[in-house]
file model00.csv (CSV, C-alpha atoms)
chain,number,residue,atom,x,y,z
A,12,MET,CA,-235.0,17.9,-58.6
A,13,LYS,CA,-235.8,14.2,-58.8
A,14,LEU,CA,-234.6,11.3,-61.0
A,15,PRO,CA,-237.2,8.8,-62.0
A,16,VAL,CA,-237.7,5.8,-59.7
A,17,SER,CA,-236.7,3.6,-62.6
A,18,THR,CA,-233.2,5.0,-62.4
A,19,GLU,CA,-232.5,2.6,-59.6
A,20,TRP,CA,-234.0,-0.3,-61.6
A,21,LEU,CA,-231.9,0.4,-64.7
A,22,LEU,CA,-228.7,0.8,-62.8
A,23,HIS,CA,-229.2,-2.5,-61.1
A,24,CYS,CA,-230.4,-4.3,-64.2
A,25,ALA,CA,-227.3,-3.1,-66.1
A,26,ALA,CA,-225.1,-4.2,-63.2
A,27,THR,CA,-226.8,-7.6,-63.2
A,28,LEU,CA,-226.2,-8.0,-67.0
A,29,ALA,CA,-222.6,-7.0,-66.4
A,30,GLN,CA,-222.3,-10.2,-64.4
A,31,LEU,CA,-223.5,-12.6,-67.1
A,32,ASP,CA,-221.2,-14.9,-69.0
A,33,PRO,CA,-220.1,-13.4,-72.4
A,34,GLY,CA,-222.9,-13.7,-74.9
A,35,ALA,CA,-225.5,-14.6,-72.3
A,36,THR,CA,-228.7,-12.6,-72.1
A,37,ALA,CA,-231.6,-12.1,-69.6
A,38,SER,CA,-235.1,-11.2,-70.6
A,39,ALA,CA,-237.1,-8.3,-69.1
A,40,ALA,CA,-239.3,-10.9,-67.4
A,41,GLN,CA,-236.3,-12.5,-65.7
A,42,LEU,CA,-234.9,-9.2,-64.6
A,43,ALA,CA,-238.4,-8.2,-63.3
A,44,GLN,CA,-238.6,-11.3,-61.2
A,45,TYR,CA,-235.0,-10.9,-60.1
A,46,TYR,CA,-235.8,-7.5,-58.5
A,47,ASP,CA,-239.6,-7.9,-58.1
A,48,LEU,CA,-240.4,-5.1,-60.5
A,49,PRO,CA,-243.4,-4.5,-62.9
A,50,ALA,CA,-242.3,-6.4,-66.0
A,51,ALA,CA,-244.1,-4.4,-68.7
A,52,TYR,CA,-242.8,-1.1,-67.5
A,53,LEU,CA,-239.3,-2.5,-66.9
A,54,ALA,CA,-239.3,-3.9,-70.5
A,55,LYS,CA,-240.1,-0.4,-71.9
A,56,GLN,CA,-237.3,1.1,-69.8
A,57,LEU,CA,-234.8,-1.5,-71.0
A,58,GLN,CA,-235.7,-0.6,-74.6
A,59,GLY,CA,-234.6,2.9,-73.7
A,60,LEU,CA,-231.2,1.6,-72.8
A,61,VAL,CA,-231.1,-0.3,-76.1
A,62,LYS,CA,-231.8,3.0,-77.9
A,63,ALA,CA,-229.0,4.6,-76.0
A,64,GLY,CA,-226.6,2.0,-77.1
A,65,VAL,CA,-226.0,0.6,-73.6
A,66,LEU,CA,-227.8,-2.7,-74.1
A,67,THR,CA,-228.4,-5.0,-77.1
A,68,ALA,CA,-231.7,-6.8,-77.5
A,69,THR,CA,-231.8,-10.1,-79.2
A,70,THR,CA,-234.8,-12.1,-80.2
A,71,GLY,CA,-235.4,-15.7,-80.6
A,72,PRO,CA,-235.6,-18.7,-78.2
A,73,ARG,CA,-232.6,-17.5,-76.2
A,74,GLY,CA,-233.2,-13.9,-76.8
A,75,GLY,CA,-233.0,-11.1,-74.2
A,76,PHE,CA,-230.8,-8.2,-73.2
A,77,ARG,CA,-227.1,-8.0,-72.8
A,78,LEU,CA,-224.6,-5.2,-72.5
A,79,ALA,CA,-223.8,-3.6,-75.9
A,80,GLN,CA,-220.2,-2.9,-74.8
A,81,PRO,CA,-217.7,-4.2,-72.3
A,82,ALA,CA,-218.7,-3.3,-68.7
A,83,SER,CA,-215.6,-1.1,-68.4
A,84,GLU,CA,-216.9,1.2,-71.1
A,85,ILE,CA,-220.4,1.7,-69.8
A,86,THR,CA,-220.5,4.5,-67.3
A,87,LEU,CA,-223.2,5.3,-64.8
A,88,LEU,CA,-223.7,8.6,-66.6
A,89,ARG,CA,-224.7,6.9,-69.8
A,90,ILE,CA,-227.3,4.8,-67.9
A,91,VAL,CA,-228.7,7.7,-65.9
A,92,GLU,CA,-228.9,9.9,-69.0
A,93,ALA,CA,-230.5,7.1,-71.0
A,94,VAL,CA,-233.3,7.0,-68.3
A,95,ASP,CA,-233.7,10.7,-67.6
A,96,GLY,CA,-232.4,12.5,-70.7
A,97,THR,CA,-229.5,14.9,-70.9
A,98,SER,CA,-231.1,18.2,-70.3
A,99,PRO,CA,-229.5,20.0,-67.3
A,100,PRO,CA,-231.7,20.6,-64.2
A,101,TYR,CA,-231.3,24.4,-64.2
A,102,GLU,CA,-233.2,26.3,-66.9
A,103,CYS,CA,-232.0,29.9,-67.7
A,104,ARG,CA,-234.9,31.8,-69.3
A,105,GLU,CA,-232.9,35.0,-69.5
A,106,ILE,CA,-234.9,37.0,-67.0
A,107,ARG,CA,-231.9,39.3,-66.9
A,108,GLN,CA,-233.2,40.6,-70.3
A,109,GLN,CA,-236.8,41.4,-69.1
A,110,GLY,CA,-238.5,43.9,-66.8
A,111,VAL,CA,-237.3,47.3,-65.6
A,112,GLY,CA,-233.9,45.9,-65.0
A,113,ALA,CA,-233.5,44.4,-68.4
A,114,LEU,CA,-230.0,44.3,-69.8
A,115,SER,CA,-229.4,45.1,-73.4
A,116,PRO,CA,-228.7,42.3,-75.9
A,117,GLU,CA,-225.1,43.6,-76.2
A,118,GLU,CA,-224.6,43.0,-72.5
A,119,CYS,CA,-225.9,39.5,-72.8
A,120,ARG,CA,-223.6,38.1,-75.5
A,121,THR,CA,-221.9,36.0,-72.8
A,122,ILE,CA,-223.8,33.5,-70.6
A,123,CYS,CA,-225.3,34.8,-67.5
A,124,PRO,CA,-222.8,34.3,-64.6
A,125,LEU,CA,-225.5,32.5,-62.5
A,126,ALA,CA,-226.4,30.1,-65.4
A,127,GLN,CA,-222.6,29.6,-65.9
A,128,LYS,CA,-222.1,28.5,-62.3
A,129,MET,CA,-225.2,26.2,-62.4
A,130,ALA,CA,-223.8,24.7,-65.6
A,131,GLU,CA,-220.5,24.1,-63.9
A,132,ALA,CA,-222.2,22.3,-61.0
A,133,HIS,CA,-224.0,20.1,-63.5
A,134,ASP,CA,-220.7,19.4,-65.2
A,135,ALA,CA,-219.3,18.3,-61.9
A,136,TRP,CA,-222.2,15.9,-61.4
A,137,ARG,CA,-221.8,14.5,-64.9
A,138,ARG,CA,-218.0,14.1,-64.5
A,139,SER,CA,-218.5,12.2,-61.2
A,140,LEU,CA,-220.9,9.7,-62.9
A,141,ALA,CA,-218.8,9.5,-66.1
A,142,ASP,CA,-215.9,8.4,-63.9
A,143,VAL,CA,-217.6,5.2,-62.7
A,144,SER,CA,-218.1,2.2,-65.0
A,145,LEU,CA,-220.2,-0.9,-64.5
A,146,ALA,CA,-216.9,-2.8,-64.2
A,147,ASP,CA,-216.0,-0.5,-61.2
A,148,ILE,CA,-219.3,-1.4,-59.6
A,149,ILE,CA,-218.8,-5.1,-60.1
A,150,ALA,CA,-215.3,-4.8,-58.7
A,151,THR,CA,-216.8,-3.7,-55.3
A,152,LEU,CA,-218.9,-6.9,-55.0
A,153,PRO,CA,-217.8,-10.0,-53.2
A,154,PRO,CA,-215.9,-12.4,-55.6
A,155,THR,CA,-218.7,-14.9,-55.2
A,156,ALA,CA,-221.5,-12.5,-56.3
A,157,PRO,CA,-221.4,-12.9,-60.1
A,158,ALA,CA,-221.8,-16.7,-59.9
A,159,ARG,CA,-224.7,-16.3,-57.5
A,160,THR,CA,-226.3,-13.7,-59.7
A,161,ARG,CA,-226.1,-16.0,-62.7
A,162,SER,CA,-227.5,-18.9,-60.8
A,163,ARG,CA,-230.5,-16.9,-59.3
A,164,LEU,CA,-231.2,-15.3,-62.6
A,165,ALA,CA,-231.3,-18.8,-64.3
A,166,SER,CA,-233.8,-19.9,-61.6
A,167,THR,CA,-236.4,-17.3,-62.6
A,168,THR,CA,-239.3,-18.5,-64.7
A,169,GLY,CA,-239.2,-15.4,-66.9
A,170,ALA,CA,-237.2,-17.0,-69.7
A,171,ALA,CA,-240.1,-18.3,-71.8
A,172,PRO,CA,-238.6,-19.8,-74.9
A,173,ALA,CA,-241.6,-19.0,-77.0
A,174,ARG,CA,-241.4,-15.2,-76.4
A,175,ARG,CA,-240.3,-13.5,-79.6
A,176,THR,CA,-239.3,-10.2,-78.0
A,177,PRO,CA,-237.4,-9.8,-74.8
B,12,MET,CA,-234.4,16.0,-63.0
B,13,LYS,CA,-235.5,19.6,-63.1
B,14,LEU,CA,-235.1,22.5,-60.7
B,15,PRO,CA,-238.2,24.8,-60.4
B,16,VAL,CA,-238.4,27.7,-62.8
B,17,SER,CA,-238.3,30.0,-59.7
B,18,THR,CA,-234.7,28.9,-59.1
B,19,GLU,CA,-233.6,31.5,-61.7
B,20,TRP,CA,-235.8,34.1,-60.1
B,21,LEU,CA,-234.5,33.7,-56.6
B,22,LEU,CA,-230.8,33.5,-57.7
B,23,HIS,CA,-231.3,36.8,-59.6
B,24,CYS,CA,-233.3,38.5,-56.8
B,25,ALA,CA,-230.6,37.6,-54.3
B,26,ALA,CA,-227.9,38.8,-56.6
B,27,THR,CA,-229.9,42.1,-57.0
B,28,LEU,CA,-230.3,42.5,-53.2
B,29,ALA,CA,-226.5,41.9,-52.9
B,30,GLN,CA,-226.0,45.1,-54.9
B,31,LEU,CA,-228.0,47.4,-52.6
B,32,ASP,CA,-226.5,49.8,-50.1
B,33,PRO,CA,-226.0,48.4,-46.6
B,34,GLY,CA,-229.4,48.4,-44.8
B,35,ALA,CA,-231.4,49.1,-47.9
B,36,THR,CA,-234.3,46.8,-48.9
B,37,ALA,CA,-236.4,46.0,-51.9
B,38,SER,CA,-240.0,44.8,-51.8
B,39,ALA,CA,-241.3,41.8,-53.6
B,40,ALA,CA,-243.3,44.2,-55.8
B,41,GLN,CA,-240.2,46.0,-56.8
B,42,LEU,CA,-238.2,42.9,-57.5
B,43,ALA,CA,-241.2,41.5,-59.6
B,44,GLN,CA,-241.2,44.7,-61.7
B,45,TYR,CA,-237.4,44.6,-62.0
B,46,TYR,CA,-237.6,41.2,-63.6
B,47,ASP,CA,-241.2,41.2,-64.9
B,48,LEU,CA,-242.2,38.3,-62.7
B,49,PRO,CA,-245.6,37.4,-61.1
B,50,ALA,CA,-245.5,39.4,-57.8
B,51,ALA,CA,-247.6,37.2,-55.6
B,52,TYR,CA,-245.8,34.0,-56.4
B,53,LEU,CA,-242.4,35.8,-56.2
B,54,ALA,CA,-243.4,37.1,-52.7
B,55,LYS,CA,-244.1,33.6,-51.5
B,56,GLN,CA,-240.8,32.4,-52.9
B,57,LEU,CA,-238.9,35.2,-51.2
B,58,GLN,CA,-240.4,34.2,-47.9
B,59,GLY,CA,-238.9,30.8,-48.5
B,60,LEU,CA,-235.5,32.5,-48.6
B,61,VAL,CA,-236.3,34.3,-45.4
B,62,LYS,CA,-237.1,30.9,-43.7
B,63,ALA,CA,-233.8,29.6,-45.0
B,64,GLY,CA,-232.0,32.5,-43.4
B,65,VAL,CA,-230.8,33.9,-46.7
B,66,LEU,CA,-232.9,37.0,-46.6
B,67,THR,CA,-234.4,39.2,-43.8
B,68,ALA,CA,-237.9,40.7,-44.2
B,69,THR,CA,-238.6,44.0,-42.6
B,70,THR,CA,-242.0,45.6,-42.4
B,71,GLY,CA,-243.0,49.2,-42.2
B,72,PRO,CA,-242.9,52.2,-44.6
B,73,ARG,CA,-239.4,51.3,-45.8
B,74,GLY,CA,-239.9,47.6,-45.4
B,75,GLY,CA,-238.7,44.9,-47.8
B,76,PHE,CA,-236.1,42.3,-48.2
B,77,ARG,CA,-232.4,42.4,-47.7
B,78,LEU,CA,-229.6,39.8,-47.4
B,79,ALA,CA,-229.5,38.3,-43.9
B,80,GLN,CA,-225.7,37.9,-44.1
B,81,PRO,CA,-222.9,39.5,-46.1
B,82,ALA,CA,-222.9,38.5,-49.8
B,83,SER,CA,-219.6,36.7,-49.3
B,84,GLU,CA,-221.3,34.3,-46.9
B,85,ILE,CA,-224.3,33.4,-49.0
B,86,THR,CA,-223.6,30.6,-51.5
B,87,LEU,CA,-225.6,29.6,-54.5
B,88,LEU,CA,-226.1,26.2,-52.9
B,89,ARG,CA,-228.0,27.8,-50.0
B,90,ILE,CA,-230.3,29.7,-52.4
B,91,VAL,CA,-230.9,26.6,-54.6
B,92,GLU,CA,-231.6,24.4,-51.7
B,93,ALA,CA,-233.9,27.0,-50.1
B,94,VAL,CA,-236.0,26.9,-53.4
B,95,ASP,CA,-235.8,23.2,-54.1
B,96,GLY,CA,-235.1,21.5,-50.8
B,97,THR,CA,-232.1,19.4,-49.8
B,98,SER,CA,-233.2,15.9,-50.8
B,99,PRO,CA,-230.9,14.3,-53.3
B,100,PRO,CA,-232.2,13.5,-56.8
B,101,TYR,CA,-231.5,9.8,-56.7
B,102,GLU,CA,-233.7,7.7,-54.5
B,103,CYS,CA,-232.5,4.2,-53.4
B,104,ARG,CA,-235.4,2.0,-52.5
B,105,GLU,CA,-233.2,-0.9,-51.8
B,106,ILE,CA,-234.4,-3.1,-54.7
B,107,ARG,CA,-231.3,-5.1,-54.0
B,108,GLN,CA,-233.2,-6.6,-51.1
B,109,GLN,CA,-236.3,-7.7,-53.0
B,110,GLY,CA,-237.2,-10.4,-55.6
B,111,VAL,CA,-235.5,-13.6,-56.5
B,112,GLY,CA,-232.1,-11.9,-56.3
B,113,ALA,CA,-232.7,-10.4,-52.9
B,114,LEU,CA,-229.5,-10.0,-50.8
B,115,SER,CA,-229.7,-10.7,-47.1
B,116,PRO,CA,-229.9,-7.9,-44.5
B,117,GLU,CA,-226.4,-8.8,-43.4
B,118,GLU,CA,-225.1,-8.2,-46.9
B,119,CYS,CA,-226.8,-4.8,-46.9
B,120,ARG,CA,-225.3,-3.2,-43.8
B,121,THR,CA,-223.3,-0.9,-46.0
B,122,ILE,CA,-224.8,1.4,-48.6
B,123,CYS,CA,-225.4,0.0,-52.1
B,124,PRO,CA,-222.4,0.8,-54.3
B,125,LEU,CA,-224.7,2.3,-56.9
B,126,ALA,CA,-226.4,4.6,-54.3
B,127,GLN,CA,-222.9,5.5,-53.0
B,128,LYS,CA,-221.8,6.6,-56.5
B,129,MET,CA,-225.0,8.6,-57.0
B,130,ALA,CA,-224.5,10.3,-53.7
B,131,GLU,CA,-220.9,11.1,-54.6
B,132,ALA,CA,-222.1,12.8,-57.8
B,133,HIS,CA,-224.7,14.8,-55.8
B,134,ASP,CA,-221.9,15.8,-53.4
B,135,ALA,CA,-219.8,17.0,-56.3
B,136,TRP,CA,-222.8,19.2,-57.5
B,137,ARG,CA,-223.3,20.6,-54.0
B,138,ARG,CA,-219.6,21.3,-53.5
B,139,SER,CA,-219.5,23.2,-56.8
B,140,LEU,CA,-222.5,25.4,-55.8
B,141,ALA,CA,-221.2,25.8,-52.2
B,142,ASP,CA,-218.0,27.2,-53.7
B,143,VAL,CA,-219.7,30.3,-55.2
B,144,SER,CA,-221.0,33.1,-53.2
B,145,LEU,CA,-223.2,36.1,-54.2
B,146,ALA,CA,-220.1,38.2,-53.8
B,147,ASP,CA,-218.3,36.1,-56.4
B,148,ILE,CA,-221.2,36.6,-58.8
B,149,ILE,CA,-221.2,40.4,-58.2
B,150,ALA,CA,-217.5,40.5,-58.8
B,151,THR,CA,-218.1,39.2,-62.3
B,152,LEU,CA,-220.3,42.2,-63.2
B,153,PRO,CA,-219.1,45.4,-64.8
B,154,PRO,CA,-218.1,48.0,-62.0
B,155,THR,CA,-221.0,50.2,-63.0
B,156,ALA,CA,-223.6,47.5,-62.6
B,157,PRO,CA,-224.5,47.9,-58.9
B,158,ALA,CA,-225.2,51.7,-59.2
B,159,ARG,CA,-227.4,51.0,-62.2
B,160,THR,CA,-229.2,48.2,-60.4
B,161,ARG,CA,-229.9,50.5,-57.5
B,162,SER,CA,-231.1,53.3,-59.7
B,163,ARG,CA,-233.4,51.1,-61.7
B,164,LEU,CA,-234.8,49.4,-58.7
B,165,ALA,CA,-235.6,52.8,-57.1
B,166,SER,CA,-237.5,53.7,-60.3
B,167,THR,CA,-239.9,50.8,-59.9
B,168,THR,CA,-243.3,51.7,-58.5
B,169,GLY,CA,-243.5,48.6,-56.4
B,170,ALA,CA,-242.4,50.4,-53.2
B,171,ALA,CA,-245.8,51.2,-51.8
B,172,PRO,CA,-245.2,52.9,-48.4
B,173,ALA,CA,-248.6,51.7,-47.1
B,174,ARG,CA,-247.8,48.0,-47.5
B,175,ARG,CA,-247.3,46.4,-44.1
B,176,THR,CA,-245.6,43.3,-45.4
B,177,PRO,CA,-243.1,43.2,-48.2
call {"tool": "encode", "arguments": {"input": "model00.csv", "output": "structure tokens"}}
result
Amino acid sequence: MKLPVSTEWLLHCAATLAQLDPGATASAAQLAQYYDLPAAYLAKQLQGLVKAGVLTATTGPRGGFRLAQPASEITLLRIVEAVDGTSPPYECREIRQQGVGALSPEECRTICPLAQKMAEAHDAWRRSLADVSLADIIATLPPTAPARTRSRLASTTGAAPARRTP
Amino acid sequence: MKLPVSTEWLLHCAATLAQLDPGATASAAQLAQYYDLPAAYLAKQLQGLVKAGVLTATTGPRGGFRLAQPASEITLLRIVEAVDGTSPPYECREIRQQGVGALSPEECRTICPLAQKMAEAHDAWRRSLADVSLADIIATLPPTAPARTRSRLASTTGAAPARRTP
């Protein structure tokens, strides 16, 4: 049971965008330089967050990515599920209905108790991540962190004005 | 983030063994017939539960698998982690320490707040599964279920007396 390596990338990129001034953006190239990540792959992953409504992508000379909502409304769960999808890790293929021990369809009108408990565990994981917003994460950083983040991000060479897409 | 398909198999096999009379065993071949599963692969997986201390394997004419402990002491977490391992799904590769935005080692003496929250979610998942024992699962079944399970398991042809290993 593994989340993609890019989960760490996207959580950090979103937390970085949460530290920008209102309306400011960062390009995929800038974020890739900021964290020394492969730019093309990161750009594709960032588009996934746009599709999920977590980020907004703007084009043009000052184009790039920014949060689509206030940081207090973007939870870690939304970012993780934007990267990895929403399907639960445990798959019940109803083996209780096959083989010599097969239960009848009538006996299987309710969810298998094992699948039920696995689903409850996944719910606990989701609740835990839904309880933490990007604003909560930023609140754990030193007060000087956002200004430094903005300054370092501005020092990247990734913000090529001629780029049409972020 | 996916658990192996065999997670369902092992959870069900353990719940089936929890319904046997004290001291009784079932072979991998019997359990495979009971659920219509590939016997050789199931046998290998059952050995994994033996290594994890969840099951005991006995050899000889009446050999097979049985629970290594009372059903009330075997949690779903132990079974799931015996199948899938104990490593958490989120991997923190410390990208906060690389690239233009790299934090200093001094600033990274404590765990990354994002990794911390991901770990807390995994803990919530683990706690949820550690809270449910095989006895709890059996308690949800109709009172007639264990007797039927034993009878159907006995009707399998998988119990070949000449087999030296289960």
call {"tool": "closest_residue", "arguments": {"input": "model00.csv", "among": "B:Thr97, B:Leu48, B:Ala25, B:Ala43", "to": "Val65 in chain B", "atoms": "all atoms listed in the file"}}
result
B:Ala25
call {"tool": "residues_around", "arguments": {"input": "model00.csv", "residues": "Cys123 in chain A", "least_positions_apart": "5", "cutoff": "12 Å", "atoms": "only C-alpha atoms", "output": "list in words"}}
result
Glu102, Cys103, Arg104, Glu105, Ile106, Arg107, Gln108, Leu114, Pro116, Glu118, Lys128, Met129 and Ala130 of chain A; Glu19, Leu22, His23, Ala26, Ile148, Ile149, Thr151 and Leu152 of chain B
call {"tool": "write_last_selection", "arguments": {"input": "model00.csv", "atoms": "C-alpha atoms", "output": "compact mmCIF listing (two decimals), in the coordinates of the input"}}
result
# COMPACT_ATOMS: atom_id res chain seq x y z
CA GLU A 102 -233.20 26.30 -66.90
CA CYS A 103 -232.00 29.90 -67.70
CA ARG A 104 -234.90 31.80 -69.30
CA GLU A 105 -232.90 35.00 -69.50
CA ILE A 106 -234.90 37.00 -67.00
CA ARG A 107 -231.90 39.30 -66.90
CA GLN A 108 -233.20 40.60 -70.30
CA LEU A 114 -230.00 44.30 -69.80
CA PRO A 116 -228.70 42.30 -75.90
CA GLU A 118 -224.60 43.00 -72.50
CA LYS A 128 -222.10 28.50 -62.30
CA MET A 129 -225.20 26.20 -62.40
CA ALA A 130 -223.80 24.70 -65.60
CA GLU B 19 -233.60 31.50 -61.70
CA LEU B 22 -230.80 33.50 -57.70
CA HIS B 23 -231.30 36.80 -59.60
CA ALA B 26 -227.90 38.80 -56.60
CA ILE B 148 -221.20 36.60 -58.80
CA ILE B 149 -221.20 40.40 -58.20
CA THR B 151 -218.10 39.20 -62.30
CA LEU B 152 -220.30 42.20 -63.20
call {"tool": "interface_residues", "arguments": {"input": "model00.csv", "of": "chain B", "to": "chain A", "cutoff": "6 Å", "atoms": "only C-alpha atoms", "output": "ChimeraX atom specification"}}
result
/B:12-14,44-47,100-101,106,109-112,132,135-136,139
call {"tool": "closest_residue", "arguments": {"input": "model00.csv", "among": "A:Ala37, A:Cys24, A:Gln127, A:Leu31", "to": "Thr69 in chain A", "atoms": "only C-alpha atoms"}}
result
A:Ala37
call {"tool": "atom_distance", "arguments": {"input": "model00.csv", "atom1": "CA of Thr121 in chain B", "atom2": "CA of Ala165 in chain A"}}
result
26.8 Å
call {"tool": "atom_distance", "arguments": {"input": "model00.csv", "atom1": "CA of Ala156 in chain A", "atom2": "CA of Leu60 in chain A"}}
result
23.8 Å
call {"tool": "atom_distance", "arguments": {"input": "model00.csv", "atom1": "CA of Ala40 in chain B", "atom2": "CA of Ala158 in chain B"}}
result
19.9 Å
call {"tool": "closest_residue", "arguments": {"input": "model00.csv", "among": "A:Gly75, A:Pro154, A:Pro81, A:Pro33", "to": "Leu57 in chain A", "atoms": "all atoms listed in the file"}}
result
A:Gly75
call {"tool": "closest_residue", "arguments": {"input": "model00.csv", "among": "B:Ala68, B:Ala82, B:Val61, B:Leu28", "to": "Ala146 in chain B", "atoms": "all atoms listed in the file"}}
result
B:Ala82
call {"tool": "residues_around", "arguments": {"input": "model00.csv", "residues": "Thr36 in chain A", "least_positions_apart": "5", "cutoff": "7 Å", "atoms": "all atoms listed in the file", "output": "PyMOL selection string"}}
result
chain A and resi 74-77
call {"tool": "residues_near_point", "arguments": {"input": "model00.csv", "point": "(-219.2, -2.7, -78.9)", "cutoff": "10 Å", "atoms": "all atoms listed in the file", "output": "list in words"}}
result
Gly64, Val65, Leu66, Thr67, Leu78, Ala79, Gln80, Pro81 and Glu84 of chain A
call {"tool": "decode", "arguments": {"input": "model00.csv", "residues": "range 140-147 of chain B", "atoms": "all heavy atoms", "output": "mmCIF file, in the first residue's frame"}}
result
data_model
loop_
_atom_site.group_PDB
_atom_site.id
_atom_site.type_symbol
_atom_site.label_atom_id
_atom_site.label_comp_id
_atom_site.auth_asym_id
_atom_site.auth_seq_id
_atom_site.Cartn_x
_atom_site.Cartn_y
_atom_site.Cartn_z
ATOM 1 N N LEU B 140 -7.990 -0.576 12.732
ATOM 2 C CA LEU B 140 -7.886 -2.022 12.471
ATOM 3 C C LEU B 140 -7.404 -2.788 13.698
ATOM 4 O O LEU B 140 -7.707 -3.985 13.853
ATOM 5 C CB LEU B 140 -6.942 -2.287 11.296
ATOM 6 C CG LEU B 140 -7.436 -1.799 9.932
ATOM 7 C CD1 LEU B 140 -6.402 -2.106 8.861
ATOM 8 C CD2 LEU B 140 -8.779 -2.431 9.582
ATOM 9 N N ALA B 141 -6.660 -2.125 14.566
ATOM 10 C CA ALA B 141 -6.175 -2.773 15.797
ATOM 11 C C ALA B 141 -7.299 -2.933 16.803
ATOM 12 O O ALA B 141 -7.175 -3.675 17.772
ATOM 13 C CB ALA B 141 -5.033 -1.958 16.408
ATOM 14 N N ASP B 142 -8.381 -2.237 16.522
ATOM 15 C CA ASP B 142 -9.523 -2.223 17.439
ATOM 16 C C ASP B 142 -10.485 -3.377 17.169
ATOM 17 O O ASP B 142 -11.456 -3.553 17.899
ATOM 18 C CB ASP B 142 -10.274 -0.898 17.221
ATOM 19 C CG ASP B 142 -10.636 -0.246 18.518
ATOM 20 O OD1 ASP B 142 -9.833 -0.354 19.458
ATOM 21 O OD2 ASP B 142 -11.723 0.366 18.571
ATOM 22 N N VAL B 143 -10.254 -4.123 16.106
ATOM 23 C CA VAL B 143 -11.180 -5.186 15.710
ATOM 24 C C VAL B 143 -10.445 -6.526 15.712
ATOM 25 O O VAL B 143 -9.437 -6.688 15.022
ATOM 26 C CB VAL B 143 -11.745 -4.936 14.292
ATOM 27 C CG1 VAL B 143 -12.805 -5.982 13.952
ATOM 28 C CG2 VAL B 143 -12.302 -3.532 14.168
ATOM 29 N N SER B 144 -10.960 -7.459 16.487
ATOM 30 C CA SER B 144 -10.369 -8.801 16.531
ATOM 31 C C SER B 144 -11.193 -9.764 15.689
ATOM 32 O O SER B 144 -12.337 -9.471 15.298
ATOM 33 C CB SER B 144 -10.324 -9.299 17.970
ATOM 34 O OG SER B 144 -11.644 -9.606 18.397
ATOM 35 N N LEU B 145 -10.614 -10.917 15.414
ATOM 36 C CA LEU B 145 -11.371 -11.962 14.709
ATOM 37 C C LEU B 145 -12.610 -12.352 15.515
ATOM 38 O O LEU B 145 -13.661 -12.659 14.946
ATOM 39 C CB LEU B 145 -10.479 -13.183 14.472
ATOM 40 C CG LEU B 145 -9.404 -13.021 13.389
ATOM 41 C CD1 LEU B 145 -8.520 -14.262 13.330
ATOM 42 C CD2 LEU B 145 -10.042 -12.757 12.023
ATOM 43 N N ALA B 146 -12.487 -12.332 16.840
ATOM 44 C CA ALA B 146 -13.659 -12.659 17.670
ATOM 45 C C ALA B 146 -14.782 -11.654 17.436
ATOM 46 O O ALA B 146 -15.973 -12.026 17.388
ATOM 47 C CB ALA B 146 -13.256 -12.688 19.146
ATOM 48 N N ASP B 147 -14.415 -10.388 17.260
ATOM 49 C CA ASP B 147 -15.431 -9.359 16.965
ATOM 50 C C ASP B 147 -16.137 -9.661 15.645
ATOM 51 O O ASP B 147 -17.352 -9.453 15.509
ATOM 52 C CB ASP B 147 -14.782 -7.959 16.869
ATOM 53 C CG ASP B 147 -14.175 -7.500 18.185
ATOM 54 O OD1 ASP B 147 -14.692 -7.893 19.251
ATOM 55 O OD2 ASP B 147 -13.182 -6.761 18.135
#
